[in-house]
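Printed here is start02.txt (compact mmCIF, C-alpha atoms):
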# COMPACT_ATOMS: atom_id res chain seq x y z
CA MET A 133 21.37 -19.06 1.70
CA ARG A 134 19.49 -16.45 -0.30
CA ARG A 135 20.46 -12.85 0.42
CA HIS A 136 18.26 -9.83 -0.26
CA ARG A 137 19.38 -6.20 -0.33
CA ILE A 138 16.80 -3.95 1.33
CA ALA A 139 16.78 -0.15 1.32
CA ALA A 140 15.04 1.04 4.51
CA ILE A 141 13.56 4.55 4.35
CA PRO A 142 11.59 5.30 7.54
CA ALA A 143 11.08 8.94 6.40
CA ASP A 144 8.64 10.87 8.61
CA GLY A 145 6.55 10.62 11.78
CA ILE A 146 5.67 7.12 12.91
CA GLY A 147 7.56 5.72 9.94
CA LYS A 148 10.64 6.05 12.16
CA GLU A 149 8.98 3.72 14.68
CA VAL A 150 7.26 1.11 12.52
CA ILE A 151 10.04 0.46 10.00
CA PRO A 152 12.52 -0.60 12.73
CA ALA A 153 9.76 -2.78 14.16
CA GLY A 154 9.18 -4.35 10.76
CA LEU A 155 12.87 -5.02 10.27
CA GLU A 156 13.04 -6.62 13.70
CA VAL A 157 10.36 -9.17 12.90
CA VAL A 158 11.80 -9.90 9.44
CA GLN A 159 15.24 -10.49 10.94
CA ALA A 160 13.59 -12.83 13.46
CA LEU A 161 12.05 -14.70 10.53
CA ALA A 162 15.42 -14.96 8.81
CA ALA A 163 16.93 -16.43 11.97
CA ARG A 164 13.95 -18.76 12.48
CA THR A 165 13.86 -20.23 8.97
CA GLY A 166 17.52 -20.11 8.02
CA ASP A 167 16.36 -19.74 4.41
CA PHE A 168 17.47 -16.18 3.74
CA ALA A 169 19.31 -13.16 5.06
CA LEU A 170 18.74 -9.45 4.66
CA ASP A 171 21.40 -6.89 3.91
CA VAL A 172 19.71 -3.69 5.05
CA GLU A 173 20.95 -0.19 4.32
CA HIS A 174 19.24 2.73 6.05
CA PHE A 175 18.57 6.05 4.33
CA PRO A 176 17.69 9.12 6.44
CA TRP A 177 15.62 10.76 3.70
CA GLY A 178 12.43 12.68 4.36
CA SER A 179 11.35 15.97 5.89
CA ASP A 180 14.29 16.29 8.28
CA HIS A 181 16.62 15.73 5.32
CA TYR A 182 14.73 18.46 3.45
CA ARG A 183 15.23 20.93 6.29
CA GLY A 184 18.97 20.30 6.16
CA THR A 185 19.51 20.08 2.41
CA GLY A 186 16.47 21.54 0.63
CA ARG A 187 15.67 18.11 -0.86
CA MET A 188 13.59 15.20 0.39
CA MET A 189 16.16 12.83 -1.10
CA PRO A 190 19.50 13.39 -2.87
CA GLU A 191 19.45 14.22 -6.54
CA ASP A 192 21.06 10.86 -7.33
CA GLY A 193 18.79 8.98 -4.93
CA LEU A 194 17.16 6.83 -7.60
CA ASP A 195 20.55 5.73 -8.87
CA THR A 196 21.47 4.77 -5.31
CA LEU A 197 18.31 2.67 -4.91
CA LYS A 198 18.54 0.84 -8.25
CA GLY A 199 20.80 -1.86 -6.90
CA PHE A 200 18.44 -2.98 -4.14
CA ASP A 201 16.00 -5.87 -4.30
CA ALA A 202 13.24 -3.96 -2.48
CA ILE A 203 12.53 -0.70 -0.70
CA PHE A 204 10.94 -0.77 2.78
CA PHE A 205 9.28 2.63 3.22
CA GLY A 206 7.67 4.21 6.27
CA ALA A 207 5.56 7.31 5.69
CA VAL A 208 5.94 10.79 4.26
CA GLY A 209 4.42 14.06 5.42
CA ASP A 210 5.24 16.82 7.89
CA PRO A 211 2.81 19.40 9.30
CA LEU A 212 5.43 22.12 8.87
CA LEU A 213 6.02 21.46 5.16
CA PRO A 214 3.70 21.59 2.15
CA ASP A 215 2.29 18.15 1.36
CA ASP A 216 3.11 18.45 -2.33
CA VAL A 217 6.77 19.10 -1.48
CA THR A 218 7.06 16.06 0.77
CA LEU A 219 5.03 13.64 -1.35
CA TRP A 220 6.45 14.57 -4.75
CA GLY A 221 9.94 14.94 -3.34
CA LEU A 222 10.19 11.38 -2.06
CA ARG A 223 7.41 8.81 -2.34
CA LEU A 224 6.05 9.78 -5.75
CA ARG A 225 9.54 10.41 -7.06
CA ILE A 226 10.41 6.80 -6.25
CA CYS A 227 7.12 5.35 -7.49
CA GLN A 228 7.23 7.17 -10.80
CA GLY A 229 10.99 7.00 -11.22
CA PHE A 230 10.90 3.22 -10.90
CA ASP A 231 7.62 2.80 -12.79
CA GLN A 232 5.96 1.09 -9.83
CA TYR A 233 2.65 1.16 -11.63
CA ALA A 234 0.77 -1.48 -9.66
CA ASN A 235 -0.26 -0.52 -6.15
CA ILE A 236 -1.68 -3.60 -4.40
CA ARG A 237 -3.71 -3.25 -1.21
CA PRO A 238 -5.19 -6.38 0.40
CA THR A 239 -7.89 -5.95 3.03
CA ARG A 240 -9.38 -8.35 5.55
CA VAL A 241 -10.44 -8.31 9.18
CA LEU A 242 -7.64 -9.96 11.15
CA PRO A 243 -8.48 -12.35 14.01
CA GLY A 244 -9.32 -10.47 17.18
CA LEU A 245 -10.16 -7.25 15.36
CA THR A 246 -13.64 -5.89 14.84
CA SER A 247 -14.98 -4.07 11.83
CA PRO A 248 -16.98 -0.92 12.59
CA LEU A 249 -19.61 -2.28 10.21
CA ARG A 250 -22.54 -4.00 11.85
CA GLU A 251 -23.24 -7.65 11.12
CA VAL A 252 -19.94 -8.31 9.35
CA GLU A 253 -19.20 -12.02 9.49
CA PRO A 254 -15.70 -13.56 9.39
CA GLY A 255 -14.63 -13.64 5.76
CA ASP A 256 -17.10 -10.98 4.60
CA ILE A 257 -14.21 -8.59 4.03
CA ASP A 258 -11.46 -10.25 2.00
CA TRP A 259 -10.52 -7.89 -0.79
CA VAL A 260 -7.61 -6.92 -2.98
CA ILE A 261 -7.69 -3.39 -4.37
CA VAL A 262 -5.46 -2.80 -7.39
CA ARG A 263 -4.59 0.85 -7.87
CA GLU A 264 -3.09 2.31 -11.03
CA ASN A 265 -0.02 4.00 -9.60
CA SER A 266 1.77 5.85 -12.40
CA GLU A 267 -0.64 8.18 -14.19
CA GLY A 268 -4.31 9.14 -13.99
CA GLU A 269 -5.24 11.94 -11.63
CA TYR A 270 -1.79 11.92 -10.00
CA ALA A 271 0.19 12.35 -13.21
CA GLY A 272 1.30 15.82 -12.13
CA HIS A 273 0.09 17.54 -15.30
CA GLY A 274 -1.46 20.97 -15.01
CA GLY A 275 -0.49 24.38 -13.76
CA ARG A 276 -1.36 27.70 -12.18
CA ALA A 277 -1.84 31.08 -13.83
CA HIS A 278 -2.67 34.64 -12.70
CA ARG A 279 -1.55 33.86 -9.13
CA GLY A 280 -2.96 36.18 -6.53
CA HIS A 281 -5.47 37.77 -8.88
CA PRO A 282 -9.26 37.30 -8.86
CA GLU A 283 -9.01 35.43 -12.15
CA GLU A 284 -6.40 32.96 -10.80
CA VAL A 285 -6.80 29.51 -12.32
CA ALA A 286 -5.45 26.05 -11.46
CA THR A 287 -5.69 23.01 -13.71
CA GLU A 288 -5.08 19.36 -12.85
CA THR A 289 -5.11 17.10 -15.89
CA ALA A 290 -5.68 13.38 -15.54
CA ILE A 291 -3.63 11.33 -18.01
CA PHE A 292 -4.82 7.91 -19.18
CA THR A 293 -2.76 6.03 -21.75
CA ARG A 294 -3.66 2.82 -23.53
CA ALA A 295 -0.41 1.25 -22.33
CA GLY A 296 -0.98 2.36 -18.73
CA VAL A 297 -4.60 1.26 -18.48
CA THR A 298 -3.99 -2.03 -20.30
CA ARG A 299 -1.14 -3.11 -18.07
CA ILE A 300 -2.95 -2.38 -14.80
CA MET A 301 -6.03 -4.22 -16.09
CA ARG A 302 -3.88 -7.24 -16.86
CA VAL A 303 -2.42 -7.18 -13.36
CA ALA A 304 -5.92 -6.95 -11.86
CA PHE A 305 -7.31 -9.78 -13.99
CA ASP A 306 -4.29 -11.92 -13.10
CA ILE A 307 -4.86 -11.34 -9.37
CA ALA A 308 -8.58 -12.04 -9.71
CA ARG A 309 -7.78 -15.27 -11.56
CA SER A 310 -5.50 -16.36 -8.68
CA ARG A 311 -8.26 -15.96 -6.06
CA PRO A 312 -11.01 -18.55 -5.42
CA ARG A 313 -13.95 -16.38 -6.53
CA ARG A 314 -12.32 -15.12 -9.74
CA LEU A 315 -14.34 -11.93 -9.59
CA LEU A 316 -13.07 -8.49 -10.65
CA THR A 317 -14.90 -5.19 -10.20
CA VAL A 318 -13.73 -2.40 -12.51
CA VAL A 319 -14.42 0.94 -10.82
CA THR A 320 -14.76 4.15 -12.83
CA LYS A 321 -16.97 7.24 -13.06
CA SER A 322 -17.86 6.83 -16.71
CA ASN A 323 -21.35 8.30 -16.38
CA ALA A 324 -19.87 11.76 -15.70
CA GLN A 325 -16.30 11.54 -17.05
CA LYS A 326 -16.95 10.59 -20.63
CA HIS A 327 -13.40 10.45 -21.93
CA GLY A 328 -10.88 8.88 -19.58
CA MET A 329 -13.36 6.73 -17.67
CA VAL A 330 -15.11 5.41 -20.78
CA PHE A 331 -11.61 4.61 -22.04
CA TRP A 332 -11.07 2.53 -18.87
CA ASP A 333 -14.33 0.64 -19.45
CA GLU A 334 -13.44 -0.08 -23.06
CA ILE A 335 -9.99 -1.39 -22.25
CA ALA A 336 -11.38 -3.53 -19.41
CA ALA A 337 -13.69 -5.19 -21.93
CA GLU A 338 -10.78 -5.75 -24.34
CA VAL A 339 -8.50 -7.29 -21.69
CA SER A 340 -11.30 -9.46 -20.32
CA ARG A 341 -11.25 -11.49 -23.54
CA ASP A 342 -7.88 -12.91 -22.47
CA PHE A 343 -9.35 -14.00 -19.13
CA PRO A 344 -12.52 -15.95 -19.92
CA ASP A 345 -12.32 -17.70 -16.54
CA VAL A 346 -12.67 -14.38 -14.64
CA ARG A 347 -16.06 -12.82 -14.05
CA TRP A 348 -15.92 -9.05 -14.24
CA GLU A 349 -18.33 -6.20 -13.66
CA LYS A 350 -18.38 -2.41 -13.76
CA GLU A 351 -19.22 -0.16 -10.80
CA LEU A 352 -19.28 3.62 -10.42
CA VAL A 353 -16.93 4.83 -7.71
CA ASP A 354 -19.63 6.43 -5.55
CA ALA A 355 -21.74 3.28 -5.75
CA MET A 356 -18.64 1.26 -4.89
CA ALA A 357 -18.06 3.25 -1.71
CA ALA A 358 -21.63 2.51 -0.62
CA ARG A 359 -21.27 -1.16 -1.59
CA MET A 360 -18.12 -1.54 0.52
CA VAL A 361 -20.14 -0.48 3.54
CA ARG A 362 -23.49 -2.11 2.79
CA ARG A 363 -22.52 -5.31 0.93
CA PRO A 364 -18.87 -6.06 1.70
CA ALA A 365 -19.21 -9.80 1.06
CA SER A 366 -20.08 -9.09 -2.60
CA ILE A 367 -16.57 -7.75 -3.30
CA ASP A 368 -13.38 -9.63 -4.11
CA THR A 369 -10.81 -7.99 -6.41
CA VAL A 370 -11.14 -4.32 -7.40
CA VAL A 371 -9.25 -2.20 -9.93
CA ALA A 372 -9.50 1.58 -10.09
CA THR A 373 -7.64 4.72 -11.06
CA ASN A 374 -4.93 6.35 -8.99
CA LEU A 375 -7.32 8.72 -7.20
CA HIS A 376 -10.34 6.46 -6.89
CA ALA A 377 -8.38 3.50 -5.57
CA ASP A 378 -6.47 5.74 -3.16
CA ILE A 379 -9.74 6.81 -1.56
CA LEU A 380 -11.40 3.39 -1.68
CA SER A 381 -8.41 1.62 -0.15
CA ASP A 382 -8.37 4.02 2.81
CA LEU A 383 -12.06 3.29 3.29
CA ALA A 384 -11.19 -0.41 3.07
CA GLY A 385 -8.63 -0.06 5.85
CA ALA A 386 -11.15 1.73 8.03
CA VAL A 387 -13.86 -0.91 7.58
CA ALA A 388 -11.28 -3.61 8.38
CA GLY A 389 -10.69 -2.00 11.76
CA SER A 390 -7.99 0.64 11.32
CA LEU A 391 -5.57 2.14 8.81
CA GLY A 392 -2.98 0.84 11.26
CA VAL A 393 -3.42 -2.65 9.85
CA ALA A 394 -3.47 -1.78 6.12
CA PRO A 395 -0.47 -2.72 3.93
CA THR A 396 0.65 -1.69 0.45
CA ALA A 397 2.98 -2.91 -2.27
CA ASN A 398 4.10 -0.53 -5.02
CA LEU A 399 5.18 -3.01 -7.69
CA ASP A 400 7.11 -2.87 -10.88
CA PRO A 401 5.80 -6.20 -12.19
CA SER A 402 8.49 -6.24 -14.88
CA ARG A 403 11.14 -6.21 -12.11
CA ARG A 404 13.30 -3.77 -14.05
CA PHE A 405 13.51 -1.72 -10.86
CA PRO A 406 13.06 -2.45 -7.14
CA SER A 407 9.50 -2.40 -5.83
CA MET A 408 8.56 -0.45 -2.71
CA PHE A 409 6.53 -1.67 0.27
CA GLU A 410 4.85 0.64 2.75
CA PRO A 411 2.01 0.77 5.29
CA ILE A 412 -0.72 3.16 4.18
CA HIS A 413 -1.41 4.94 7.47
CA GLY A 414 0.71 8.02 6.82
CA SER A 415 3.11 9.83 9.13
CA ALA A 416 0.54 10.39 11.94
CA PHE A 417 2.44 13.18 13.67
CA ASP A 418 -0.24 13.36 16.37
CA ILE A 419 1.07 10.11 17.86
CA ALA A 420 4.67 10.16 16.60
CA GLY A 421 7.22 9.52 19.32
CA LYS A 422 4.68 8.19 21.81
CA GLY A 423 5.41 4.54 21.15
CA VAL A 424 1.79 3.66 20.42
CA ALA A 425 1.80 3.38 16.61
CA ASN A 426 0.30 0.17 15.28
CA PRO A 427 3.07 -1.87 13.58
CA VAL A 428 0.70 -4.49 12.13
CA ALA A 429 0.35 -2.71 8.77
CA THR A 430 4.13 -2.69 8.51
CA PHE A 431 4.34 -6.39 9.40
CA TRP A 432 1.74 -7.23 6.75
CA THR A 433 3.64 -5.03 4.30
CA ALA A 434 6.83 -6.92 5.18
CA SER A 435 5.02 -10.18 4.43
CA MET A 436 4.13 -8.85 0.98
CA MET A 437 7.76 -7.83 0.48
CA LEU A 438 8.98 -11.30 1.43
CA ASP A 439 6.54 -12.91 -0.96
CA HIS A 440 7.78 -10.61 -3.75
CA LEU A 441 11.37 -11.57 -2.92
CA GLY A 442 10.57 -15.26 -3.36
CA GLU A 443 10.21 -16.13 0.31
CA PRO A 444 6.59 -17.39 0.49
CA ARG A 445 7.21 -19.59 3.55
CA ALA A 446 8.56 -16.66 5.55
CA ALA A 447 5.68 -14.46 4.35
CA ARG A 448 3.16 -17.07 5.54
CA LEU A 449 4.88 -17.55 8.91
CA LEU A 450 4.88 -13.80 9.50
CA MET A 451 1.16 -13.40 8.85
CA GLU A 452 0.37 -16.44 11.00
CA ALA A 453 2.35 -14.88 13.85
CA VAL A 454 0.59 -11.54 13.42
CA GLU A 455 -2.82 -13.23 13.45
CA ARG A 456 -2.00 -15.17 16.64
CA VAL A 457 -0.88 -12.00 18.39
CA CYS A 458 -3.98 -10.06 17.31
CA ALA A 459 -6.25 -12.93 18.36
CA ALA A 460 -4.54 -13.01 21.77
CA GLY A 461 -5.57 -9.39 22.35
CA ILE A 462 -2.10 -7.86 22.13
CA ARG A 463 -3.16 -4.79 20.19
CA THR A 464 -2.53 -1.06 20.08
CA ALA A 465 -5.15 1.54 21.00
CA ASP A 466 -6.40 2.15 17.45
CA VAL A 467 -7.81 -1.39 17.40
CA GLY A 468 -9.10 -1.43 20.95
CA GLY A 469 -6.00 -2.55 22.83
CA THR A 470 -3.54 -1.09 25.30
CA ALA A 471 -0.24 -2.46 24.00
CA THR A 472 2.64 -0.31 22.80
CA THR A 473 4.45 -0.61 19.50
CA ALA A 474 7.31 -2.39 21.25
CA GLU A 475 4.98 -4.82 23.03
CA VAL A 476 3.21 -5.84 19.83
CA THR A 477 6.56 -6.23 18.09
CA ALA A 478 7.98 -8.37 20.91
CA ALA A 479 4.85 -10.56 20.84
CA VAL A 480 5.16 -11.12 17.09
CA VAL A 481 8.88 -11.95 17.42
CA ALA A 482 8.01 -14.47 20.15
CA ALA A 483 5.28 -15.98 17.98
CA ILE A 484 7.74 -16.31 15.09
CA SER A 485 10.26 -18.04 17.34
CA GLY A 486 7.65 -20.62 18.26
CA ALA A 487 6.31 -21.11 14.74
CA ASN A 488 6.35 -24.51 13.06

Just give me the structure as structure tokens.
Amino acid sequence: MRRHRIAAIPADGIGKEVIPAGLEVVQALAARTGDFALDVEHFPWGSDHYRGTGRMMPEDGLDTLKGFDAIFFGAVGDPLLPDDVTLWGLRLRICQGFDQYANIRPTRVLPGLTSPLREVEPGDIDWVIVRENSEGEYAGHGGRAHRGHPEEVATETAIFTRAGVTRIMRVAFDIARSRPRRLLTVVTKSNAQKHGMVFWDEIAAEVSRDFPDVRWEKELVDAMAARMVRRPASIDTVVATNLHADILSDLAGAVAGSLGVAPTANLDPSRRFPSMFEPIHGSAFDIAGKGVANPVATFWTASMMLDHLGEPRAARLLMEAVERVCAAGIRTADVGGTATTAEVTAAVVAAISGAN
């Protein structure tokens, strides 16, 4: 039997509710298939840890995580703490520390869910957004000067390297090649940002020569946002910078019905370090503790984690169970239902137990 070591970090807000739900369904899958087992270790890092220690995670936290096969992450953010402290102290520290440079965000309308877009047909929204996850606008370069004075200045410098852009383009072209339409849209803002974004366009053209079987096109980010709403069926695989893809993928989750169903994988494709899997909905403190958080994004995220761990059958069974439950109308309020987190989780566990 294959064994996988998983580091579970629920962190903040509804992360403390959806990560246990995700582990419950994955353990049900392990019992159902008999193919694998999970050795899960829980880490109480996050904003509460910061209040007690002054750190979002221990100083040697990355060394602790190195030995795991994957990280199952909840959400980070606390209304009583600065966002840059919480994000940079935990999630970005892990992403950058482990060079998880490929952020993968699939999007589709699950059975039983309805897109807020009019006239969307089944299959119109079936996208994969590939986000550069290690540099760009979130590189953390810049500074502040003359604080508190009228001439105070803040700079935020986007960093684009040939190595960084080339490797994320190769990941995106590879994903596009694996999908039936073999279509990749490269999103930039090269009409207004004439250095970094033109650099992206140039490297996309260079990499494309190694993928003659993939059709590719360029789109400006503002035009892409409009296209996602007006012509969703024209889109397949998308690659964009850290900032642009962050925004576009949240829009993608919304047009698929809710951020509560949107998953993410933060991958180190080289597998030097563990990759991290998280739902994208955030800590959602407004509903935290009420038992109504949508666990579907976490279940889909868990499916991506299983696939990464070499368990494609379990990943498929999990998504089939989720789709049956959604189609049966067992849904939380954010997608038009009345079920609780626990009820959706129990329904998915039951569907897994009855899976073929």

Using only C-alpha atoms, which protein or nucleic acid residues come within 6 Å of A:Asn426? Drop anything in the same chain fewer than 5 positions from it, and give the result as a ChimeraX atom specification.
/A:392,464,473

Under the rule that all atoms listed in the file are counted, which of A:Ala446, A:Val361, A:Met188, A:Val481 is the nearest residue to A:Asp167?
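Going through A:Ala446, A:Val361, A:Met188, A:Val481 one by one, the smallest distance to A:Asp167 is for A:Ala446.
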
Between atom CA of A:Glu269 and atom CA of A:Thr298, distance in Å (one decimal):
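Separating atom CA of A:Glu269 from atom CA of A:Thr298 is a distance of 16.5 Å.
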
Spatial neighbours of stretch 302-312 of chain A, 9 Å, all atoms listed in the file, chain gap at least 6 places, as a CSV table (one decimal) with C-alpha atoms, keeping the file's coordinate frame:
chain,number,residue,atom,x,y,z
A,234,ALA,CA,0.8,-1.5,-9.7
A,260,VAL,CA,-7.6,-6.9,-3.0
A,261,ILE,CA,-7.7,-3.4,-4.4
A,262,VAL,CA,-5.5,-2.8,-7.4
A,263,ARG,CA,-4.6,0.8,-7.9
A,336,ALA,CA,-11.4,-3.5,-19.4
A,339,VAL,CA,-8.5,-7.3,-21.7
A,340,SER,CA,-11.3,-9.5,-20.3
A,342,ASP,CA,-7.9,-12.9,-22.5
A,343,PHE,CA,-9.4,-14.0,-19.1
A,345,ASP,CA,-12.3,-17.7,-16.5
A,346,VAL,CA,-12.7,-14.4,-14.6
A,347,ARG,CA,-16.1,-12.8,-14.0
A,348,TRP,CA,-15.9,-9.0,-14.2
A,368,ASP,CA,-13.4,-9.6,-4.1
A,369,THR,CA,-10.8,-8.0,-6.4
A,370,VAL,CA,-11.1,-4.3,-7.4
A,371,VAL,CA,-9.2,-2.2,-9.9
A,401,PRO,CA,5.8,-6.2,-12.2

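Non-sequential neighbours of A:Val297 (distance at most 8 Å, separation of 6 or more positions within a chain, all atoms listed in the file) are Glu264, Trp332 and Ile335 of chain A.
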
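Of note, atom CA of A:Glu267 and atom CA of A:Arg223 are spaced 14.3 Å apart.
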
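Restricting the calculation to all atoms listed in the file, the smallest distance between A:Tyr270 and any of A:Phe175, A:Phe168, A:Phe405, A:Phe292 is found for A:Phe292.
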
Write a file for stretch 136-156 of chain A of the given structure; include N, CA and C atoms and format it as a PDB file, in the first residue's frame.
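Saved the output as selection-v4.pdb:
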ATOM      1  N   HIS A 136       1.330   8.257   1.975  1.00  0.00           N
ATOM      2  CA  HIS A 136       1.664   9.641   1.665  1.00  0.00           C
ATOM      3  C   HIS A 136       1.643  10.463   2.945  1.00  0.00           C
ATOM      4  N   ARG A 137       2.706  11.237   3.152  1.00  0.00           N
ATOM      5  CA  ARG A 137       2.774  12.118   4.326  1.00  0.00           C
ATOM      6  C   ARG A 137       2.201  13.479   3.953  1.00  0.00           C
ATOM      7  N   ILE A 138       1.178  13.898   4.693  1.00  0.00           N
ATOM      8  CA  ILE A 138       0.477  15.146   4.413  1.00  0.00           C
ATOM      9  C   ILE A 138       0.605  16.082   5.605  1.00  0.00           C
ATOM     10  N   ALA A 139       1.026  17.308   5.345  1.00  0.00           N
ATOM     11  CA  ALA A 139       1.036  18.359   6.370  1.00  0.00           C
ATOM     12  C   ALA A 139      -0.247  19.160   6.228  1.00  0.00           C
ATOM     13  N   ALA A 140      -1.098  19.131   7.240  1.00  0.00           N
ATOM     14  CA  ALA A 140      -2.370  19.849   7.215  1.00  0.00           C
ATOM     15  C   ALA A 140      -2.233  21.152   7.989  1.00  0.00           C
ATOM     16  N   ILE A 141      -2.486  22.274   7.283  1.00  0.00           N
ATOM     17  CA  ILE A 141      -2.384  23.602   7.905  1.00  0.00           C
ATOM     18  C   ILE A 141      -3.712  24.325   7.666  1.00  0.00           C
ATOM     19  N   PRO A 142      -4.684  24.177   8.557  1.00  0.00           N
ATOM     20  CA  PRO A 142      -5.978  24.854   8.359  1.00  0.00           C
ATOM     21  C   PRO A 142      -5.863  26.367   8.392  1.00  0.00           C
ATOM     22  N   ALA A 143      -4.967  26.890   9.237  1.00  0.00           N
ATOM     23  CA  ALA A 143      -4.672  28.326   9.360  1.00  0.00           C
ATOM     24  C   ALA A 143      -5.857  29.108   9.913  1.00  0.00           C
ATOM     25  N   ASP A 144      -6.504  29.956   9.094  1.00  0.00           N
ATOM     26  CA  ASP A 144      -7.435  30.943   9.636  1.00  0.00           C
ATOM     27  C   ASP A 144      -8.875  30.738   9.149  1.00  0.00           C
ATOM     28  N   GLY A 145      -9.809  31.327   9.912  1.00  0.00           N
ATOM     29  CA  GLY A 145     -11.201  31.414   9.474  1.00  0.00           C
ATOM     30  C   GLY A 145     -11.791  30.064   9.106  1.00  0.00           C
ATOM     31  N   ILE A 146     -12.457  30.021   7.951  1.00  0.00           N
ATOM     32  CA  ILE A 146     -13.121  28.783   7.544  1.00  0.00           C
ATOM     33  C   ILE A 146     -12.133  27.696   7.133  1.00  0.00           C
ATOM     34  N   GLY A 147     -10.853  28.045   7.027  1.00  0.00           N
ATOM     35  CA  GLY A 147      -9.857  27.002   6.795  1.00  0.00           C
ATOM     36  C   GLY A 147      -9.920  25.928   7.869  1.00  0.00           C
ATOM     37  N   LYS A 148     -10.267  26.323   9.096  1.00  0.00           N
ATOM     38  CA  LYS A 148     -10.352  25.372  10.200  1.00  0.00           C
ATOM     39  C   LYS A 148     -11.565  24.451  10.079  1.00  0.00           C
ATOM     40  N   GLU A 149     -12.487  24.788   9.184  1.00  0.00           N
ATOM     41  CA  GLU A 149     -13.662  23.955   8.965  1.00  0.00           C
ATOM     42  C   GLU A 149     -13.533  23.103   7.707  1.00  0.00           C
ATOM     43  N   VAL A 150     -12.964  23.681   6.641  1.00  0.00           N
ATOM     44  CA  VAL A 150     -12.941  22.942   5.375  1.00  0.00           C
ATOM     45  C   VAL A 150     -11.784  21.957   5.270  1.00  0.00           C
ATOM     46  N   ILE A 151     -10.665  22.226   5.926  1.00  0.00           N
ATOM     47  CA  ILE A 151      -9.556  21.268   5.868  1.00  0.00           C
ATOM     48  C   ILE A 151      -9.918  19.960   6.585  1.00  0.00           C
ATOM     49  N   PRO A 152     -10.513  19.994   7.782  1.00  0.00           N
ATOM     50  CA  PRO A 152     -10.975  18.723   8.357  1.00  0.00           C
ATOM     51  C   PRO A 152     -11.997  18.007   7.479  1.00  0.00           C
ATOM     52  N   ALA A 153     -12.866  18.768   6.813  1.00  0.00           N
ATOM     53  CA  ALA A 153     -13.824  18.149   5.906  1.00  0.00           C
ATOM     54  C   ALA A 153     -13.103  17.477   4.741  1.00  0.00           C
ATOM     55  N   GLY A 154     -12.094  18.152   4.191  1.00  0.00           N
ATOM     56  CA  GLY A 154     -11.337  17.580   3.096  1.00  0.00           C
ATOM     57  C   GLY A 154     -10.602  16.319   3.505  1.00  0.00           C
ATOM     58  N   LEU A 155     -10.014  16.332   4.691  1.00  0.00           N
ATOM     59  CA  LEU A 155      -9.315  15.138   5.173  1.00  0.00           C
ATOM     60  C   LEU A 155     -10.280  13.985   5.402  1.00  0.00           C
ATOM     61  N   GLU A 156     -11.487  14.303   5.840  1.00  0.00           N
ATOM     62  CA  GLU A 156     -12.488  13.251   6.053  1.00  0.00           C
ATOM     63  C   GLU A 156     -12.824  12.527   4.755  1.00  0.00           C
TER      64      GLU A 156
END
